[in-house]
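The structure file data_28.pdb is reproduced below (PDB, C-alpha atoms, pLDDT in the B column).
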ATOM      1  CA  MET A 281      16.787  10.575  -1.721  1.00 72.00           C
ATOM      2  CA  ALA A 282      13.642   9.962   0.322  1.00 73.00           C
ATOM      3  CA  GLY A 283      15.144  11.768   3.300  1.00 74.00           C
ATOM      4  CA  ALA A 284      16.158  14.774   1.216  1.00 76.00           C
ATOM      5  CA  LEU A 285      12.675  15.105  -0.273  1.00 76.00           C
ATOM      6  CA  VAL A 286      11.031  14.895   3.145  1.00 72.00           C
ATOM      7  CA  LEU A 287      13.505  17.345   4.686  1.00 75.00           C
ATOM      8  CA  PHE A 288      13.549  20.060   2.024  1.00 75.00           C
ATOM      9  CA  VAL A 289      10.205  19.779   0.208  1.00 78.00           C
ATOM     10  CA  ALA A 290       7.705  18.583   2.816  1.00 77.00           C
ATOM     11  CA  PRO A 291       8.032  21.391   5.428  1.00 78.00           C
ATOM     12  CA  PRO A 292       7.127  24.304   3.092  1.00 82.00           C
ATOM     13  CA  VAL A 293       4.351  22.247   1.478  1.00 80.00           C
ATOM     14  CA  LEU A 294       2.813  21.362   4.848  1.00 78.00           C
ATOM     15  CA  LEU A 295       3.170  24.952   6.065  1.00 82.00           C
ATOM     16  CA  ILE A 296       1.540  26.509   3.004  1.00 82.00           C
ATOM     17  CA  THR A 297      -1.295  23.986   2.753  1.00 80.00           C
ATOM     18  CA  GLY A 298      -1.913  24.295   6.493  1.00 77.00           C
ATOM     19  CA  LEU A 299      -2.042  28.094   6.460  1.00 78.00           C
ATOM     20  CA  ALA A 300      -4.277  28.044   3.387  1.00 77.00           C
ATOM     21  CA  LYS A 301      -6.471  25.374   5.017  1.00 76.00           C
ATOM     22  CA  ARG A 302      -6.181  23.344   1.823  1.00 78.00           C
ATOM     23  CA  GLN A 303      -4.676  20.116   3.057  1.00 72.00           C
ATOM     24  CA  ASP A 304      -6.002  18.385  -0.065  1.00 77.00           C
ATOM     25  CA  TRP A 305      -3.268  20.201  -2.028  1.00 81.00           C
ATOM     26  CA  THR A 306      -0.750  18.060  -0.159  1.00 84.00           C
ATOM     27  CA  TYR A 307      -1.783  14.975  -2.112  1.00 82.00           C
ATOM     28  CA  TRP A 308      -0.413  16.318  -5.409  1.00 86.00           C
ATOM     29  CA  TRP A 309       2.938  16.977  -3.774  1.00 85.00           C
ATOM     30  CA  ALA A 310       2.990  13.543  -2.131  1.00 86.00           C
ATOM     31  CA  ASP A 311       2.312  11.925  -5.509  1.00 89.00           C
ATOM     32  CA  TRP A 312       5.092  14.025  -7.059  1.00 90.00           C
ATOM     33  CA  GLY A 313       7.426  13.110  -4.198  1.00 87.00           C
ATOM     34  CA  ALA A 314       6.835   9.377  -4.625  1.00 89.00           C
ATOM     35  CA  ARG A 315       7.534   9.564  -8.361  1.00 91.00           C
ATOM     36  CA  THR A 316      10.580  11.784  -7.848  1.00 91.00           C
ATOM     37  CA  TRP A 317      12.009   9.464  -5.188  1.00 88.00           C
ATOM     38  CA  LEU A 318      11.889   6.564  -7.624  1.00 90.00           C
ATOM     39  CA  ARG A 319      13.281   8.617 -10.494  1.00 91.00           C
ATOM     40  CA  LEU A 320      16.210  10.050  -8.494  1.00 88.00           C
ATOM     41  CA  SER A 321      17.000   6.550  -7.222  1.00 87.00           C
ATOM     42  CA  GLY A 322      17.229   5.322 -10.810  1.00 91.00           C
ATOM     43  CA  VAL A 323      14.131   3.152 -10.414  1.00 92.00           C
ATOM     44  CA  LYS A 324      11.624   2.920 -13.260  1.00 94.00           C
ATOM     45  CA  LEU A 325       8.062   1.635 -12.878  1.00 95.00           C
ATOM     46  CA  LYS A 326       6.305  -0.621 -15.384  1.00 96.00           C
ATOM     47  CA  VAL A 327       2.575  -0.934 -14.689  1.00 96.00           C
ATOM     48  CA  THR A 328       0.361  -3.604 -16.268  1.00 96.00           C
ATOM     49  CA  GLY A 329      -3.250  -4.587 -15.688  1.00 95.00           C
ATOM     50  CA  GLN A 330      -4.883  -1.167 -15.486  1.00 93.00           C
ATOM     51  CA  GLU A 331      -7.377  -2.303 -18.119  1.00 94.00           C
ATOM     52  CA  HIS A 332      -8.987  -4.504 -15.446  1.00 94.00           C
ATOM     53  CA  LEU A 333     -10.048  -1.506 -13.351  1.00 94.00           C
ATOM     54  CA  ASP A 334     -13.155   0.672 -13.402  1.00 94.00           C
ATOM     55  CA  PRO A 335     -11.987   4.310 -13.129  1.00 89.00           C
ATOM     56  CA  ASN A 336     -15.051   5.179 -11.034  1.00 90.00           C
ATOM     57  CA  GLN A 337     -14.726   2.284  -8.583  1.00 94.00           C
ATOM     58  CA  PRO A 338     -12.667   2.456  -5.377  1.00 94.00           C
ATOM     59  CA  TYR A 339     -10.675  -0.664  -4.544  1.00 96.00           C
ATOM     60  CA  VAL A 340      -8.501  -2.165  -1.848  1.00 96.00           C
ATOM     61  CA  PHE A 341      -5.173  -2.971  -3.529  1.00 96.00           C
ATOM     62  CA  VAL A 342      -3.235  -5.718  -1.747  1.00 96.00           C
ATOM     63  CA  ALA A 343       0.376  -6.442  -2.636  1.00 96.00           C
ATOM     64  CA  ASN A 344       3.387  -8.478  -1.617  1.00 95.00           C
ATOM     65  CA  HIS A 345       6.047  -6.600   0.343  1.00 93.00           C
ATOM     66  CA  TRP A 346       9.709  -7.177  -0.384  1.00 91.00           C
ATOM     67  CA  SER A 347      11.218  -3.701  -0.213  1.00 90.00           C
ATOM     68  CA  TYR A 348      10.960  -0.161   1.124  1.00 88.00           C
ATOM     69  CA  LEU A 349      10.537   0.798  -2.530  1.00 89.00           C
ATOM     70  CA  ASP A 350       7.083  -0.869  -2.652  1.00 91.00           C
ATOM     71  CA  ALA A 351       5.364   2.064  -0.935  1.00 88.00           C
ATOM     72  CA  ALA A 352       6.006   4.595  -3.701  1.00 90.00           C
ATOM     73  CA  PRO A 353       4.513   2.656  -6.653  1.00 92.00           C
ATOM     74  CA  LEU A 354       1.620   1.467  -4.473  1.00 91.00           C
ATOM     75  CA  PHE A 355       0.822   5.123  -3.768  1.00 89.00           C
ATOM     76  CA  CYS A 356       1.436   6.696  -7.171  1.00 90.00           C
ATOM     77  CA  GLY A 357       1.197   3.889  -9.743  1.00 91.00           C
ATOM     78  CA  THR A 358      -2.471   2.922  -9.754  1.00 90.00           C
ATOM     79  CA  GLY A 359      -3.752   5.996 -11.583  1.00 85.00           C
ATOM     80  CA  ARG A 360      -6.186   7.008  -8.844  1.00 86.00           C
ATOM     81  CA  ARG A 361      -6.334   8.834  -5.518  1.00 85.00           C
ATOM     82  CA  MET A 362      -4.871   6.481  -2.947  1.00 88.00           C
ATOM     83  CA  GLY A 363      -4.549   6.063   0.768  1.00 87.00           C
ATOM     84  CA  LEU A 364      -2.210   3.629   2.474  1.00 86.00           C
ATOM     85  CA  VAL A 365      -2.382   1.562   5.647  1.00 82.00           C
ATOM     86  CA  ALA A 366       1.044   1.727   7.286  1.00 76.00           C
ATOM     87  CA  LYS A 367       2.738   0.615  10.503  1.00 71.00           C
ATOM     88  CA  LYS A 368       2.365   2.939  13.507  1.00 68.00           C
ATOM     89  CA  GLU A 369       6.154   3.345  13.742  1.00 65.00           C
ATOM     90  CA  LEU A 370       5.989   5.746  10.787  1.00 63.00           C
ATOM     91  CA  LEU A 371       4.145   8.249  12.994  1.00 59.00           C
ATOM     92  CA  LYS A 372       7.419   8.758  14.875  1.00 64.00           C
ATOM     93  CA  ALA A 373       9.265   9.825  11.718  1.00 65.00           C
ATOM     94  CA  PRO A 374       9.968  13.579  11.787  1.00 63.00           C
ATOM     95  CA  ILE A 375       7.861  15.577   9.302  1.00 65.00           C
ATOM     96  CA  LEU A 376       6.665  12.424   7.536  1.00 65.00           C
ATOM     97  CA  GLY A 377       4.628  11.292  10.518  1.00 61.00           C
ATOM     98  CA  PHE A 378       2.938  14.680  10.786  1.00 64.00           C
ATOM     99  CA  GLY A 379       2.018  14.834   7.100  1.00 68.00           C
ATOM    100  CA  MET A 380       0.696  11.283   6.751  1.00 68.00           C
ATOM    101  CA  GLY A 381      -2.862  12.191   7.681  1.00 68.00           C
ATOM    102  CA  PHE A 382      -2.962  14.897   5.005  1.00 74.00           C
ATOM    103  CA  VAL A 383      -2.764  12.243   2.263  1.00 76.00           C
ATOM    104  CA  ASN A 384      -4.881   9.462   3.803  1.00 78.00           C
ATOM    105  CA  VAL A 385      -1.931   7.419   5.046  1.00 80.00           C
ATOM    106  CA  ILE A 386      -3.345   5.743   8.146  1.00 78.00           C
ATOM    107  CA  ALA A 387      -1.082   4.176  10.761  1.00 74.00           C
ATOM    108  CA  ILE A 388      -2.298   0.968  12.398  1.00 74.00           C
ATOM    109  CA  ASP A 389      -1.196  -0.278  15.811  1.00 69.00           C
ATOM    110  CA  ARG A 390      -1.279  -4.058  15.454  1.00 67.00           C
ATOM    111  CA  SER A 391      -0.235  -4.521  19.084  1.00 68.00           C
ATOM    112  CA  ASN A 392      -3.495  -2.944  20.270  1.00 69.00           C
ATOM    113  CA  ARG A 393      -6.599  -4.645  18.890  1.00 71.00           C
ATOM    114  CA  GLU A 394      -9.036  -1.871  19.842  1.00 77.00           C
ATOM    115  CA  ARG A 395      -6.923   0.838  18.204  1.00 75.00           C
ATOM    116  CA  ALA A 396      -6.400  -1.323  15.125  1.00 72.00           C
ATOM    117  CA  VAL A 397     -10.160  -1.827  14.780  1.00 77.00           C
ATOM    118  CA  GLU A 398     -10.793   1.931  15.060  1.00 81.00           C
ATOM    119  CA  THR A 399      -8.125   2.611  12.425  1.00 78.00           C
ATOM    120  CA  LEU A 400      -9.716   0.150  10.016  1.00 81.00           C
ATOM    121  CA  LYS A 401     -13.108   1.783  10.623  1.00 85.00           C
ATOM    122  CA  THR A 402     -11.643   5.133   9.592  1.00 84.00           C
ATOM    123  CA  ALA A 403     -10.142   3.612   6.442  1.00 85.00           C
ATOM    124  CA  THR A 404     -13.468   1.921   5.652  1.00 88.00           C
ATOM    125  CA  GLU A 405     -15.295   5.257   5.785  1.00 90.00           C
ATOM    126  CA  LEU A 406     -12.751   6.774   3.405  1.00 88.00           C
ATOM    127  CA  LEU A 407     -13.230   3.800   1.079  1.00 90.00           C
ATOM    128  CA  ARG A 408     -16.967   4.439   1.051  1.00 90.00           C
ATOM    129  CA  SER A 409     -16.287   8.069   0.142  1.00 89.00           C
ATOM    130  CA  GLY A 410     -14.340   6.991  -2.968  1.00 89.00           C
ATOM    131  CA  VAL A 411     -10.714   6.845  -1.778  1.00 90.00           C
ATOM    132  CA  SER A 412      -8.929   3.605  -2.719  1.00 93.00           C
ATOM    133  CA  PHE A 413      -6.460   2.041  -0.294  1.00 93.00           C
ATOM    134  CA  GLY A 414      -3.199   0.180  -0.758  1.00 92.00           C
ATOM    135  CA  VAL A 415      -2.136  -2.419   1.805  1.00 92.00           C
ATOM    136  CA  CYS A 416       0.699  -4.911   2.158  1.00 92.00           C
ATOM    137  CA  PRO A 417      -1.080  -7.565   4.262  1.00 92.00           C
ATOM    138  CA  GLU A 418       2.103  -9.426   5.155  1.00 92.00           C
ATOM    139  CA  GLY A 419       2.622  -6.638   7.690  1.00 85.00           C
ATOM    140  CA  THR A 420       6.381  -6.494   7.189  1.00 87.00           C
ATOM    141  CA  ARG A 421       8.907  -7.108   4.442  1.00 88.00           C
ATOM    142  CA  ALA A 422       9.510 -10.737   3.560  1.00 90.00           C
ATOM    143  CA  ARG A 423      12.916 -12.096   2.622  1.00 87.00           C
ATOM    144  CA  GLN A 424      13.930 -12.026  -1.018  1.00 85.00           C
ATOM    145  CA  GLY A 425      11.711 -14.278  -3.116  1.00 85.00           C
ATOM    146  CA  GLU A 426       9.515 -15.313  -0.159  1.00 89.00           C
ATOM    147  CA  MET A 427       6.026 -14.429   1.117  1.00 93.00           C
ATOM    148  CA  LEU A 428       4.504 -14.362   4.589  1.00 94.00           C
ATOM    149  CA  PRO A 429       0.867 -15.255   5.370  1.00 95.00           C
ATOM    150  CA  PHE A 430      -1.548 -12.379   4.781  1.00 95.00           C
ATOM    151  CA  LYS A 431      -3.302 -10.719   7.712  1.00 92.00           C
ATOM    152  CA  LYS A 432      -7.071 -10.263   7.352  1.00 91.00           C
ATOM    153  CA  GLY A 433      -7.502  -6.538   8.144  1.00 88.00           C
ATOM    154  CA  ALA A 434      -7.399  -5.229   4.573  1.00 91.00           C
ATOM    155  CA  PHE A 435      -9.882  -7.841   3.415  1.00 95.00           C
ATOM    156  CA  HIS A 436     -12.256  -7.154   6.282  1.00 91.00           C
ATOM    157  CA  MET A 437     -12.082  -3.467   5.340  1.00 91.00           C
ATOM    158  CA  ALA A 438     -12.992  -4.246   1.722  1.00 94.00           C
ATOM    159  CA  VAL A 439     -15.924  -6.426   2.761  1.00 94.00           C
ATOM    160  CA  GLN A 440     -17.279  -3.809   5.158  1.00 92.00           C
ATOM    161  CA  ALA A 441     -17.038  -1.070   2.511  1.00 92.00           C
ATOM    162  CA  GLY A 442     -18.486  -3.320  -0.198  1.00 93.00           C
ATOM    163  CA  VAL A 443     -15.581  -2.834  -2.618  1.00 95.00           C
ATOM    164  CA  PRO A 444     -13.513  -5.364  -4.620  1.00 97.00           C
ATOM    165  CA  VAL A 445      -9.964  -6.391  -3.792  1.00 97.00           C
ATOM    166  CA  VAL A 446      -7.272  -5.997  -6.451  1.00 97.00           C
ATOM    167  CA  PRO A 447      -4.385  -8.492  -6.100  1.00 97.00           C
ATOM    168  CA  MET A 448      -1.114  -6.794  -6.989  1.00 96.00           C
ATOM    169  CA  ALA A 449       2.329  -8.304  -7.560  1.00 96.00           C
ATOM    170  CA  PHE A 450       5.556  -6.322  -7.216  1.00 95.00           C
ATOM    171  CA  LYS A 451       8.348  -7.888  -9.210  1.00 95.00           C
ATOM    172  CA  ASN A 452      12.051  -7.088  -8.902  1.00 93.00           C
ATOM    173  CA  SER A 453      11.773  -4.687  -5.929  1.00 92.00           C
ATOM    174  CA  ASP A 454      13.548  -7.303  -3.792  1.00 89.00           C
ATOM    175  CA  LYS A 455      16.552  -7.087  -6.098  1.00 90.00           C
ATOM    176  CA  LEU A 456      16.674  -3.278  -6.254  1.00 91.00           C
ATOM    177  CA  MET A 457      16.355  -2.670  -2.507  1.00 87.00           C
ATOM    178  CA  PRO A 458      16.115  -5.925  -0.520  1.00 81.00           C
ATOM    179  CA  ARG A 459      15.295  -6.267   3.132  1.00 81.00           C
ATOM    180  CA  GLY A 460      18.260  -5.413   5.327  1.00 76.00           C
ATOM    181  CA  THR A 461      19.714  -2.612   3.210  1.00 75.00           C
ATOM    182  CA  GLY A 462      19.104   1.103   2.712  1.00 73.00           C
ATOM    183  CA  GLU A 463      20.652   1.152  -0.742  1.00 78.00           C
ATOM    184  CA  ALA A 464      18.516   1.328  -3.895  1.00 80.00           C
ATOM    185  CA  TRP A 465      19.965   0.133  -7.185  1.00 86.00           C
ATOM    186  CA  PRO A 466      18.831   1.347 -10.630  1.00 92.00           C
ATOM    187  CA  GLY A 467      16.386  -0.898 -12.428  1.00 95.00           C
ATOM    188  CA  THR A 468      12.690  -1.475 -13.147  1.00 96.00           C
ATOM    189  CA  ILE A 469       9.935  -2.516 -10.783  1.00 95.00           C
ATOM    190  CA  GLU A 470       7.086  -4.291 -12.522  1.00 96.00           C
ATOM    191  CA  MET A 471       3.711  -3.692 -10.860  1.00 96.00           C
ATOM    192  CA  VAL A 472       1.127  -6.218 -12.074  1.00 97.00           C
ATOM    193  CA  MET A 473      -2.514  -5.529 -11.227  1.00 97.00           C
ATOM    194  CA  LEU A 474      -4.627  -8.672 -11.502  1.00 97.00           C
ATOM    195  CA  PRO A 475      -8.413  -8.669 -12.119  1.00 97.00           C
ATOM    196  CA  PRO A 476     -10.464  -7.413  -9.137  1.00 97.00           C
ATOM    197  CA  VAL A 477     -11.920 -10.015  -6.798  1.00 97.00           C
ATOM    198  CA  ASP A 478     -15.533  -9.547  -5.722  1.00 96.00           C
ATOM    199  CA  THR A 479     -16.174  -9.466  -1.956  1.00 95.00           C
ATOM    200  CA  SER A 480     -19.992  -9.357  -1.878  1.00 95.00           C
ATOM    201  CA  TRP A 481     -20.229 -13.109  -1.156  1.00 95.00           C
ATOM    202  CA  VAL A 482     -18.271 -12.911   2.103  1.00 94.00           C
ATOM    203  CA  SER A 483     -20.614 -13.348   5.070  1.00 93.00           C
ATOM    204  CA  SER A 484     -18.613 -15.300   7.663  1.00 94.00           C
ATOM    205  CA  ASP A 485     -15.117 -15.701   9.090  1.00 93.00           C
ATOM    206  CA  GLU A 486     -14.691 -18.823   6.993  1.00 96.00           C
ATOM    207  CA  ASP A 487     -15.629 -16.897   3.841  1.00 96.00           C
ATOM    208  CA  LEU A 488     -13.131 -14.187   4.780  1.00 95.00           C
ATOM    209  CA  ARG A 489     -10.377 -16.757   5.198  1.00 96.00           C
ATOM    210  CA  ARG A 490     -11.211 -18.195   1.782  1.00 96.00           C
ATOM    211  CA  LEU A 491     -10.999 -14.708   0.266  1.00 97.00           C
ATOM    212  CA  VAL A 492      -7.586 -14.103   1.855  1.00 96.00           C
ATOM    213  CA  ASP A 493      -6.273 -17.466   0.636  1.00 96.00           C
ATOM    214  CA  GLN A 494      -7.649 -16.917  -2.873  1.00 97.00           C
ATOM    215  CA  VAL A 495      -6.053 -13.499  -3.287  1.00 97.00           C
ATOM    216  CA  GLN A 496      -2.711 -14.540  -1.822  1.00 97.00           C
ATOM    217  CA  LYS A 497      -2.630 -17.610  -4.068  1.00 96.00           C
ATOM    218  CA  GLN A 498      -3.136 -15.400  -7.145  1.00 97.00           C
ATOM    219  CA  ILE A 499      -0.234 -13.171  -6.143  1.00 97.00           C
ATOM    220  CA  MET A 500       1.987 -16.152  -5.352  1.00 96.00           C
ATOM    221  CA  ASP A 501       1.237 -17.687  -8.753  1.00 96.00           C
ATOM    222  CA  GLU A 502       2.099 -14.414 -10.486  1.00 96.00           C
ATOM    223  CA  LEU A 503       5.400 -14.175  -8.604  1.00 95.00           C
ATOM    224  CA  GLY A 504       6.280 -17.855  -8.871  1.00 93.00           C
ATOM    225  CA  VAL A 505       6.335 -18.308  -5.079  1.00 93.00           C
ATOM    226  CA  THR A 506       5.351 -21.892  -4.257  1.00 89.00           C
ATOM    227  CA  LYS A 507       4.912 -21.835  -0.473  1.00 87.00           C
ATOM    228  CA  LEU A 508       4.553 -19.412   2.409  1.00 90.00           C
ATOM    229  CA  SER A 509       7.324 -18.739   4.906  1.00 89.00           C
ATOM    230  CA  LYS A 510       6.762 -18.831   8.650  1.00 84.00           C
ATOM    231  CA  ARG A 511       6.652 -15.640  10.687  1.00 77.00           C
ATOM    232  CA  THR A 512       9.542 -15.163  13.090  1.00 70.00           C
TER     233      THR A 512
END
Encoding of this model in structure tokens:
Amino acid sequence: MAGALVLFVAPPVLLITGLAKRQDWTYWWADWGARTWLRLSGVKLKVTGQEHLDPNQPYVFVANHWSYLDAAPLFCGTGRRMGLVAKKELLKAPILGFGMGFVNVIAIDRSNRERAVETLKTATELLRSGVSFGVCPEGTRARQGEMLPFKKGAFHMAVQAGVPVVPMAFKNSDKLMPRGTGEAWPGTIEMVMLPPVDTSWVSSDEDLRRLVDQVQKQIMDELGVTKLSKRT
């Protein structure tokens, strides 16, 4: 379903918005594509916790990552204009890689520290301009029912931009499309947005580590995960 949408819908959208020099139009189509991908795959989205959010405040949303399906609700389920921080490998995807920049999807090269820092600086500037960002700080999909330690990049970005972090828990996505398969099964993903966490008190590396641990602990408690798995 995702491939069909990218193949048949994305090229004319990118062509028209490019010729019209209105790349901002692409965002509406990307939002529609994310929702349509879920719907055609038989996946419903149940969102809770929106009452915690200020509609005029940008946030960094951080979530657990169990499934390829997580990207769509993270992009279209928060009720606000969103950017995403994604792995650099997505830039190699035909059509998708070209259109990512049109909708504030920023690819980060974690193997190159200097490039990663520059990418986070770009995302931070967009945050300051009012664009929220969604990040899965585990960096890759964890095994079903598990969580990996969070990386600090998303939290550093939030601190630098002076915006709160919103812990987010995806439930059931590991059952609908677990790691190791390309098949999506019908069902409901529950996206739980927890109360925003203030970042204004962070002034040192130790403070940043405490922020990361605090947010990950909240998500783990919501998911019922009791301990972190080791990276392989």
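You will find CA of Arg421 in chain A at 19.2 Å from CA of Gly363 in chain A.
By only C-alpha atoms, and with residues fewer than 3 positions from Arg423 in chain A along its chain excluded, the set lying at most 9 Å from it is Trp346, Glu426, Met427, Leu428, Asp454, Pro458, Arg459, Gly460 and Ser509 of chain A.
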Let me see the file: selected residues, C-alpha atoms, as a PDB file, in the frame of the given file.
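Result written to again-v9.pdb:
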ATOM      1  CA  TRP A 346       9.709  -7.177  -0.384  1.00 91.00           C
ATOM      2  CA  GLU A 426       9.515 -15.313  -0.159  1.00 89.00           C
ATOM      3  CA  MET A 427       6.026 -14.429   1.117  1.00 93.00           C
ATOM      4  CA  LEU A 428       4.504 -14.362   4.589  1.00 94.00           C
ATOM      5  CA  ASP A 454      13.548  -7.303  -3.792  1.00 89.00           C
ATOM      6  CA  PRO A 458      16.115  -5.925  -0.520  1.00 81.00           C
ATOM      7  CA  ARG A 459      15.295  -6.267   3.132  1.00 81.00           C
ATOM      8  CA  GLY A 460      18.260  -5.413   5.327  1.00 76.00           C
ATOM      9  CA  SER A 509       7.324 -18.739   4.906  1.00 89.00           C
TER      10      SER A 509
END
Hey, could you make a per-residue contact list for range 284-353 of chain A against range 477-486 of chain A with 12 Å as the cut-off, showing the nearest pair of atoms and its distance in Å to one decimal, counting only C-alpha atoms, sorted by chain and number, as a Markdown table?
| residue | atom | partner | partner_atom | distance |
| --- | --- | --- | --- | --- |
| A:His332 | CA | A:Val477 | CA | 10.7 |
| A:Leu333 | CA | A:Val477 | CA | 10.9 |
| A:Tyr339 | CA | A:Val477 | CA | 9.7 |
| A:Val340 | CA | A:Val477 | CA | 9.9 |
| A:Phe341 | CA | A:Val477 | CA | 10.3 |
| A:Val342 | CA | A:Val477 | CA | 10.9 |
message: Ranking A:Ala314, A:Ile296, A:Leu474, A:Val415 by minimum distance to Gly283 in chain A and counting only C-alpha atoms, which one comes first?
response: A:Ala314
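For the atom pair formed by CA of Glu502 in chain A and CA of Val365 in chain A, the distance is 23.1 Å, given to one decimal.
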field: Nearest-residue call for Glu331 in chain A, choices A:Trp305, A:Leu488, A:Ser412, A:Thr358, using all atoms listed in the file
entry: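 Closest residue, counting all atoms listed in the file: A:Thr358.
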field: Of the listed residues A:Ala449, A:Ala464, A:Ala403, A:Ala434, that which approaches Lys326 in chain A most closely, counting all atoms listed in the file
entry: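 Closest to Lys326 in chain A, using all atoms listed in the file: A:Ala449.
For the pair CA of Leu491 in chain A and CA of Phe430 in chain A, the interatomic distance is 10.7 Å.
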task: Give as a list in words the residues that the PyMOL selection byres ((chain A and resi 472) around 10) matches when applied to the coordinates above.
output: Lys326, Val327, Thr328, Gly329, Gln330, Ala343, Pro447, Met448, Ala449, Phe450, Lys451, Ile469, Glu470, Met471, Met473, Leu474, Pro475, Ile499, Glu502 and Leu503 of chain A
query: For Met457 in chain A, which residue out of A:Gly313, A:Gly322, A:Gly442, A:Gly298 is the nearest one, using only C-alpha atoms?
result: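 Smallest separation from Met457 in chain A among the options: A:Gly322.
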task: Pull out every residue that the PyMOL selection byres ((chain A and resi 360) around 9) matches in the shown coordinates and put them as a PyMOL selection string.
output: chain A and resi 335+338+355-359+361-362+411-412
query: Which residue gives the smallest distance to Ala282 in chain A among A:Lys324, A:Arg315, A:Arg302, A:Lys510, with all atoms listed in the file counted?
result: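 For Ala282 in chain A, the nearest of the given residues is A:Arg315.
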message: Give me, as a list in words, all polymer residues having an atom no more than 12 Å from Thr402 in chain A, counting all atoms listed in the file and skipping those fewer than 6 positions away in the same chain.
response: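 Skipping anything fewer than 6 positions along the chain leaves Gly363, Leu364, Val365, Gly381, Asn384, Val385, Ile386, Ala387, Ile388, Arg395, Ala396, Arg408, Ser409, Val411, Phe413, Met437, Gln440 and Ala441 of chain A.
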Could you take the residues named above and write them with C-alpha atoms, as an mmCIF file, in the coordinates of the input?
data_model
loop_
_atom_site.group_PDB
_atom_site.id
_atom_site.type_symbol
_atom_site.label_atom_id
_atom_site.label_comp_id
_atom_site.auth_asym_id
_atom_site.auth_seq_id
_atom_site.Cartn_x
_atom_site.Cartn_y
_atom_site.Cartn_z
ATOM 1 C CA GLY A 363 -4.549 6.063 0.768
ATOM 2 C CA LEU A 364 -2.210 3.629 2.474
ATOM 3 C CA VAL A 365 -2.382 1.562 5.647
ATOM 4 C CA GLY A 381 -2.862 12.191 7.681
ATOM 5 C CA ASN A 384 -4.881 9.462 3.803
ATOM 6 C CA VAL A 385 -1.931 7.419 5.046
ATOM 7 C CA ILE A 386 -3.345 5.743 8.146
ATOM 8 C CA ALA A 387 -1.082 4.176 10.761
ATOM 9 C CA ILE A 388 -2.298 0.968 12.398
ATOM 10 C CA ARG A 395 -6.923 0.838 18.204
ATOM 11 C CA ALA A 396 -6.400 -1.323 15.125
ATOM 12 C CA ARG A 408 -16.967 4.439 1.051
ATOM 13 C CA SER A 409 -16.287 8.069 0.142
ATOM 14 C CA VAL A 411 -10.714 6.845 -1.778
ATOM 15 C CA PHE A 413 -6.460 2.041 -0.294
ATOM 16 C CA MET A 437 -12.082 -3.467 5.340
ATOM 17 C CA GLN A 440 -17.279 -3.809 5.158
ATOM 18 C CA ALA A 441 -17.038 -1.070 2.511
#
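Taking only C-alpha atoms into account, Ala438 in chain A lies nearest to A:Leu407 out of the set A:Ala422, A:Val505, A:Leu407, A:Val286.
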